[in-house]
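Source file data.cif; content: mmCIF, C-alpha atoms.
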data_final
loop_
_atom_site.label_atom_id
_atom_site.label_comp_id
_atom_site.auth_asym_id
_atom_site.auth_seq_id
_atom_site.Cartn_x
_atom_site.Cartn_y
_atom_site.Cartn_z
CA MET A 119 0.00 0.00 0.00
CA LYS A 120 1.60 3.21 -1.23
CA SER A 121 0.84 6.57 0.39
CA VAL A 122 -0.24 9.29 -2.04
CA ASN A 123 -1.27 12.95 -1.78
CA ILE A 124 -4.50 14.73 -2.66
CA SER A 125 -2.67 16.53 -5.44
CA SER A 126 -2.29 13.23 -7.28
CA ILE A 127 -6.08 12.69 -7.52
CA ASP A 128 -7.42 13.23 -11.04
CA PHE A 129 -10.49 15.39 -10.47
CA LYS A 130 -10.31 16.81 -14.01
CA LYS A 131 -11.40 13.63 -15.80
CA GLY A 132 -14.83 13.75 -14.17
CA GLY A 133 -15.36 17.51 -14.37
CA GLY A 134 -14.18 18.13 -10.81
CA LEU A 135 -15.70 15.00 -9.31
CA VAL A 136 -14.48 11.47 -8.64
CA PRO A 137 -16.71 8.49 -7.83
CA VAL A 138 -16.36 7.17 -4.30
CA VAL A 139 -17.08 3.54 -3.47
CA VAL A 140 -18.10 3.14 0.16
CA GLN A 141 -17.38 -0.14 1.92
CA GLU A 142 -18.31 -1.17 5.46
CA ALA A 143 -15.10 -2.00 7.33
CA SER A 144 -16.53 -4.79 9.47
CA THR A 145 -18.61 -6.76 6.93
CA LYS A 146 -16.80 -5.60 3.75
CA SER A 147 -20.23 -4.99 2.23
CA VAL A 148 -20.35 -2.36 -0.54
CA LEU A 149 -22.75 0.25 0.83
CA MET A 150 -23.09 2.89 -1.89
CA VAL A 151 -21.38 4.98 -4.52
CA ALA A 152 -21.30 8.77 -4.28
CA TYR A 153 -19.15 11.58 -5.69
CA ALA A 154 -16.55 13.85 -4.15
CA ASN A 155 -14.91 17.05 -5.26
CA GLU A 156 -11.65 18.16 -3.72
CA GLU A 157 -13.41 20.08 -0.95
CA ALA A 158 -15.51 17.05 0.05
CA LEU A 159 -12.40 14.89 0.15
CA ARG A 160 -10.52 17.44 2.27
CA GLU A 161 -13.45 17.67 4.69
CA THR A 162 -13.53 13.88 4.92
CA LEU A 163 -9.83 13.72 5.74
CA ARG A 164 -10.00 16.65 8.16
CA THR A 165 -13.06 15.51 10.13
CA GLY A 166 -12.86 11.71 9.80
CA TYR A 167 -16.49 11.63 8.57
CA ALA A 168 -17.55 10.96 4.98
CA HIS A 169 -18.38 14.05 2.92
CA TYR A 170 -19.52 14.07 -0.70
CA TRP A 171 -20.63 16.45 -3.40
CA SER A 172 -24.36 16.15 -3.98
CA ARG A 173 -24.87 16.30 -7.75
CA SER A 174 -28.63 16.78 -7.36
CA ARG A 175 -28.39 19.60 -4.82
CA GLY A 176 -25.13 21.05 -6.11
CA SER A 177 -23.64 21.30 -2.63
CA LEU A 178 -21.20 19.78 -0.18
CA TRP A 179 -22.91 17.03 1.79
CA LYS A 180 -21.92 15.36 5.04
CA LYS A 181 -23.51 11.92 4.91
CA GLY A 182 -25.96 11.54 7.78
CA GLU A 183 -25.98 15.25 8.66
CA THR A 184 -29.76 15.24 9.03
CA SER A 185 -30.52 11.50 9.46
CA GLY A 186 -27.69 10.76 11.89
CA HIS A 187 -26.54 7.92 9.64
CA VAL A 188 -22.96 9.13 9.53
CA GLN A 189 -19.96 7.24 8.18
CA LYS A 190 -16.80 7.25 10.28
CA VAL A 191 -13.96 6.90 7.79
CA LYS A 192 -11.22 4.41 8.63
CA ARG A 193 -9.25 4.53 5.40
CA VAL A 194 -9.34 6.37 2.08
CA LEU A 195 -7.91 4.32 -0.76
CA VAL A 196 -7.10 5.52 -4.27
CA ASP A 197 -7.11 3.38 -7.39
CA CYS A 198 -4.20 2.86 -9.76
CA ASP A 199 -5.13 5.67 -12.14
CA ALA A 200 -6.14 8.00 -9.30
CA ASP A 201 -9.62 8.76 -10.61
CA THR A 202 -11.68 6.73 -8.10
CA LEU A 203 -11.73 6.61 -4.29
CA LEU A 204 -12.70 3.94 -1.80
CA TYR A 205 -13.88 5.04 1.64
CA VAL A 206 -13.68 2.20 4.17
CA VAL A 207 -16.16 3.22 6.86
CA SER A 208 -18.02 2.32 9.96
CA GLN A 209 -21.65 3.06 9.08
CA ARG A 210 -24.01 4.25 11.77
CA GLY A 211 -27.59 3.17 10.98
CA TYR A 212 -28.32 2.76 7.27
CA ALA A 213 -26.37 3.78 4.20
CA CYS A 214 -29.51 3.73 2.06
CA HIS A 215 -32.29 6.28 2.34
CA GLU A 216 -34.69 3.32 2.04
CA MET A 217 -33.51 2.22 5.50
CA LYS A 218 -31.39 -0.64 4.27
CA LYS A 219 -27.79 -1.33 5.21
CA SER A 220 -26.62 -1.12 1.58
CA CYS A 221 -27.97 0.74 -1.45
CA PHE A 222 -27.29 -2.39 -3.53
CA HIS A 223 -30.45 -4.27 -2.65
CA ASN A 224 -31.70 -5.05 -6.16
CA ARG A 225 -30.40 -7.69 -8.53
CA LEU A 226 -30.49 -8.37 -12.25
CA PRO A 227 -31.19 -11.92 -13.36
CA ARG A 228 -28.04 -13.44 -14.86
CA SER A 229 -29.79 -14.46 -18.06
CA PRO A 230 -33.14 -13.75 -19.70
CA LEU A 231 -34.13 -17.28 -18.67
CA GLU A 232 -33.82 -16.30 -15.01
CA ALA A 233 -35.99 -13.23 -15.45
CA LYS A 234 -39.32 -13.12 -13.76
CA VAL A 235 -41.79 -12.27 -16.51
CA MET B 226 -33.21 -8.51 -2.62
CA LYS B 227 -35.62 -7.42 -5.34
CA SER B 228 -35.26 -8.61 -8.93
CA VAL B 229 -35.19 -5.80 -11.53
CA ASN B 230 -34.90 -5.60 -15.31
CA ILE B 231 -32.29 -3.97 -17.55
CA SER B 232 -34.92 -1.48 -18.68
CA SER B 233 -34.95 -0.01 -15.18
CA ILE B 234 -31.25 0.95 -15.30
CA ASP B 235 -30.70 4.70 -15.68
CA PHE B 236 -28.07 4.91 -18.42
CA LYS B 237 -29.16 8.43 -19.39
CA LYS B 238 -27.81 10.16 -16.28
CA GLY B 239 -24.22 9.25 -17.19
CA GLY B 240 -24.51 9.83 -20.94
CA GLY B 241 -25.13 6.16 -21.72
CA LEU B 242 -22.77 4.77 -19.09
CA VAL B 243 -23.11 3.63 -15.50
CA PRO B 244 -20.23 3.06 -13.08
CA VAL B 245 -19.66 -0.56 -12.11
CA VAL B 246 -18.09 -1.48 -8.78
CA VAL B 247 -16.37 -4.86 -8.97
CA GLN B 248 -16.10 -6.96 -5.83
CA GLU B 249 -14.36 -10.31 -5.37
CA ALA B 250 -16.95 -12.83 -4.18
CA SER B 251 -14.61 -14.85 -1.96
CA THR B 252 -12.69 -12.10 -0.13
CA LYS B 253 -15.26 -9.26 -0.59
CA SER B 254 -12.33 -7.04 -1.65
CA VAL B 255 -13.25 -4.13 -3.93
CA LEU B 256 -11.20 -4.81 -7.06
CA MET B 257 -11.89 -1.89 -9.41
CA VAL B 258 -14.44 0.49 -10.85
CA ALA B 259 -15.22 0.52 -14.57
CA TYR B 260 -18.11 1.69 -16.76
CA ALA B 261 -20.79 -0.18 -18.69
CA ASN B 262 -23.21 0.81 -21.40
CA GLU B 263 -26.29 -1.27 -22.07
CA GLU B 264 -24.47 -3.50 -24.56
CA ALA B 265 -21.68 -4.27 -22.09
CA LEU B 266 -24.22 -5.14 -19.42
CA ARG B 267 -26.15 -7.40 -21.80
CA GLU B 268 -22.94 -9.19 -22.84
CA THR B 269 -22.07 -9.65 -19.16
CA LEU B 270 -25.44 -11.21 -18.42
CA ARG B 271 -25.41 -13.32 -21.59
CA THR B 272 -21.88 -14.73 -21.24
CA GLY B 273 -21.38 -14.69 -17.46
CA TYR B 274 -18.10 -12.78 -17.89
CA ALA B 275 -17.58 -9.11 -17.05
CA HIS B 276 -17.78 -6.72 -19.99
CA TYR B 277 -17.33 -2.95 -19.84
CA TRP B 278 -17.23 0.09 -22.07
CA SER B 279 -13.69 1.37 -22.39
CA ARG B 280 -13.90 5.16 -22.21
CA SER B 281 -10.30 5.56 -23.41
CA ARG B 282 -10.64 3.23 -26.40
CA GLY B 283 -14.31 3.95 -27.06
CA SER B 284 -15.18 0.28 -27.43
CA LEU B 285 -16.77 -2.72 -25.78
CA TRP B 286 -14.22 -4.49 -23.61
CA LYS B 287 -14.24 -7.98 -22.17
CA LYS B 288 -12.06 -7.79 -19.06
CA GLY B 289 -9.11 -10.16 -19.46
CA GLU B 290 -9.67 -10.74 -23.17
CA THR B 291 -5.95 -10.36 -23.89
CA SER B 292 -4.41 -10.88 -20.42
CA GLY B 293 -6.53 -13.88 -19.45
CA HIS B 294 -7.48 -12.11 -16.21
CA VAL B 295 -11.19 -12.63 -16.74
CA GLN B 296 -13.93 -12.04 -14.20
CA LYS B 297 -16.61 -14.71 -13.86
CA VAL B 298 -19.72 -12.88 -12.73
CA LYS B 299 -21.71 -14.43 -9.91
CA ARG B 300 -24.23 -11.65 -9.31
CA VAL B 301 -25.11 -8.26 -10.76
CA LEU B 302 -26.61 -5.91 -8.18
CA VAL B 303 -28.25 -2.55 -8.82
CA ASP B 304 -28.39 0.34 -6.38
CA CYS B 305 -31.52 2.05 -5.09
CA ASP B 306 -31.59 4.77 -7.74
CA ALA B 307 -30.58 2.35 -10.51
CA ASP B 308 -27.61 4.37 -11.75
CA THR B 309 -24.77 2.19 -10.42
CA LEU B 310 -24.01 -1.53 -10.73
CA LEU B 311 -22.09 -3.97 -8.56
CA TYR B 312 -20.56 -7.01 -10.23
CA VAL B 313 -19.72 -9.73 -7.70
CA VAL B 314 -17.06 -11.79 -9.43
CA SER B 315 -14.52 -14.52 -9.23
CA GLN B 316 -11.33 -12.88 -10.52
CA ARG B 317 -8.78 -14.96 -12.41
CA GLY B 318 -5.27 -13.54 -11.91
CA TYR B 319 -5.17 -9.82 -11.25
CA ALA B 320 -7.82 -7.13 -11.54
CA CYS B 321 -5.16 -4.42 -11.82
CA HIS B 322 -2.93 -3.94 -14.86
CA GLU B 323 -0.10 -3.38 -12.36
CA MET B 324 -0.40 -7.10 -11.47
CA LYS B 325 -2.08 -6.51 -8.15
CA LYS B 326 -5.24 -8.20 -6.93
CA SER B 327 -7.07 -4.88 -6.52
CA CYS B 328 -6.68 -1.51 -8.24
CA PHE B 329 -7.10 0.18 -4.83
CA HIS B 330 -3.52 -0.20 -3.66
CA ASN B 331 -2.79 3.42 -2.76
CA ARG B 332 -3.95 5.28 0.33
CA LEU B 333 -4.40 8.87 1.39
CA PRO B 334 -3.22 9.83 4.87
CA ARG B 335 -6.22 10.60 7.10
CA SER B 336 -4.85 13.97 8.11
CA PRO B 337 -2.05 16.26 7.01
CA LEU B 338 -0.22 15.15 10.18
CA GLU B 339 -0.08 11.60 8.87
CA ALA B 340 1.31 12.67 5.51
CA LYS B 341 4.83 11.73 4.64
CA VAL B 342 6.55 14.96 3.72
#

Hey, can you dump this file as structure tokens for me?
Amino acid sequence: MKSVNISSIDFKKGGGLVPVVVQEASTKSVLMVAYANEEALRETLRTGYAHYWSRSRGSLWKKGETSGHVQKVKRVLVDCDADTLLYVVSQRGYACHEMKKSCFHNRLPRSPLEAKV
Amino acid sequence: MKSVNISSIDFKKGGGLVPVVVQEASTKSVLMVAYANEEALRETLRTGYAHYWSRSRGSLWKKGETSGHVQKVKRVLVDCDADTLLYVVSQRGYACHEMKKSCFHNRLPRSPLEAKV
């Protein structure tokens, strides 16, 4: 595991934003994907709580600010081409606004034959 | 876990593409993030091997087609707002072109105090 700096993150490719995969530290479950700009990432590193850029609201967003379902960040990992982040977190309550642990609670059938029609 | 159809995936939001988080089924490690258009997703479901849309090459891409480092797809999950996918896979060889199991092999220090200067 190599240590890198914020300046190495490629925010330009995504118009100022990078996707952030969020993984629960204890279960290793993938909780959600959100987006961060440089400010959101700096706030995350400074406070130890996950911050994102809300694309729908156009504003900085501390996850759980109103619901209390905050994410305490244990590690921030960066992928090999520095255009995607992975927050490893301890999730309080639910990651999903539908009151589920993970946002990934739907599945696609593997083949048309599996599909419920 | 609710079963959904391809037609429910929101490809429009990302200009025809959705981000795909890729997780190793056995270790639950997050391996990489790539992008899929509808064709790549259909090829994934049809063949059982991970396909993506290469943004740099502008073409459909079967992961491991040349390297042999294919991803056998066990499940395809969809998030609550249907704009992000999660492929749960069995990875042959390495997910990362740098011959590492996961592309997330760099870390950011949690605070400026942790940074190596």

Selection result for the PyMOL selection byres ((chain B and resi 318-327) around 6) on this file, as a PyMOL selection string | chain B and resi 256+294+317+328-329

Six-sided padding of 8 Å per side, axis-aligned box over region 219-227 of chain A, centre and edges in Å, one decimal, as JSON:
{"center_x": -29.2, "center_y": -5.6, "center_z": -4.1, "size_x": 21.1, "size_y": 28.7, "size_z": 34.6}

Tell me which of B:Ser251, B:Asn331, B:Gly283, B:Val258 sits closest to Lys299 (chain B), counting only C-alpha atoms.
-> B:Ser251

Using all atoms listed in the file, determine which residues of chain B fall within 7 Å of chain A; present them as a PyMOL selection string.
-> chain B and resi 226-230+253+270-271+300-305+328-336

What would the file look like if the residues just selected were written as a PDB file, in the coordinates of the input with C-alpha atoms?
ATOM      1  CA  MET B 226     -33.210  -8.510  -2.620  1.00  0.00           C
ATOM      2  CA  LYS B 227     -35.620  -7.420  -5.340  1.00  0.00           C
ATOM      3  CA  SER B 228     -35.260  -8.610  -8.930  1.00  0.00           C
ATOM      4  CA  VAL B 229     -35.190  -5.800 -11.530  1.00  0.00           C
ATOM      5  CA  ASN B 230     -34.900  -5.600 -15.310  1.00  0.00           C
ATOM      6  CA  LYS B 253     -15.260  -9.260  -0.590  1.00  0.00           C
ATOM      7  CA  LEU B 270     -25.440 -11.210 -18.420  1.00  0.00           C
ATOM      8  CA  ARG B 271     -25.410 -13.320 -21.590  1.00  0.00           C
ATOM      9  CA  ARG B 300     -24.230 -11.650  -9.310  1.00  0.00           C
ATOM     10  CA  VAL B 301     -25.110  -8.260 -10.760  1.00  0.00           C
ATOM     11  CA  LEU B 302     -26.610  -5.910  -8.180  1.00  0.00           C
ATOM     12  CA  VAL B 303     -28.250  -2.550  -8.820  1.00  0.00           C
ATOM     13  CA  ASP B 304     -28.390   0.340  -6.380  1.00  0.00           C
ATOM     14  CA  CYS B 305     -31.520   2.050  -5.090  1.00  0.00           C
ATOM     15  CA  CYS B 328      -6.680  -1.510  -8.240  1.00  0.00           C
ATOM     16  CA  PHE B 329      -7.100   0.180  -4.830  1.00  0.00           C
ATOM     17  CA  HIS B 330      -3.520  -0.200  -3.660  1.00  0.00           C
ATOM     18  CA  ASN B 331      -2.790   3.420  -2.760  1.00  0.00           C
ATOM     19  CA  ARG B 332      -3.950   5.280   0.330  1.00  0.00           C
ATOM     20  CA  LEU B 333      -4.400   8.870   1.390  1.00  0.00           C
ATOM     21  CA  PRO B 334      -3.220   9.830   4.870  1.00  0.00           C
ATOM     22  CA  ARG B 335      -6.220  10.600   7.100  1.00  0.00           C
ATOM     23  CA  SER B 336      -4.850  13.970   8.110  1.00  0.00           C
TER      24      SER B 336
END

Could you please determine the separation between CA of Asn262 (chain B) and CA of Trp171 (chain A) in Å, to one decimal place?
->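 According to the coordinates, CA of Asn262 (chain B) and CA of Trp171 (chain A) are separated by 24.0 Å.
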
Shortest interatomic distance to Ser172 (chain A) - which of A:Tyr153, A:Ala143, A:Leu159, A:Gln209, counting only C-alpha atoms = A:Tyr153

In Å, rounded to a single decimal, give me how far CA of Tyr170 (chain A) is from CA of Asp235 (chain B).
->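 So the two atoms, CA of Asp235 (chain B) and CA of Tyr170 (chain A), lie 20.9 Å apart.
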
Any idea what the distance is between CA of Gly241 (chain B) and CA of Glu263 (chain B)?
->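 Interatomic distance, CA of Gly241 (chain B) to CA of Glu263 (chain B): 7.5 Å.
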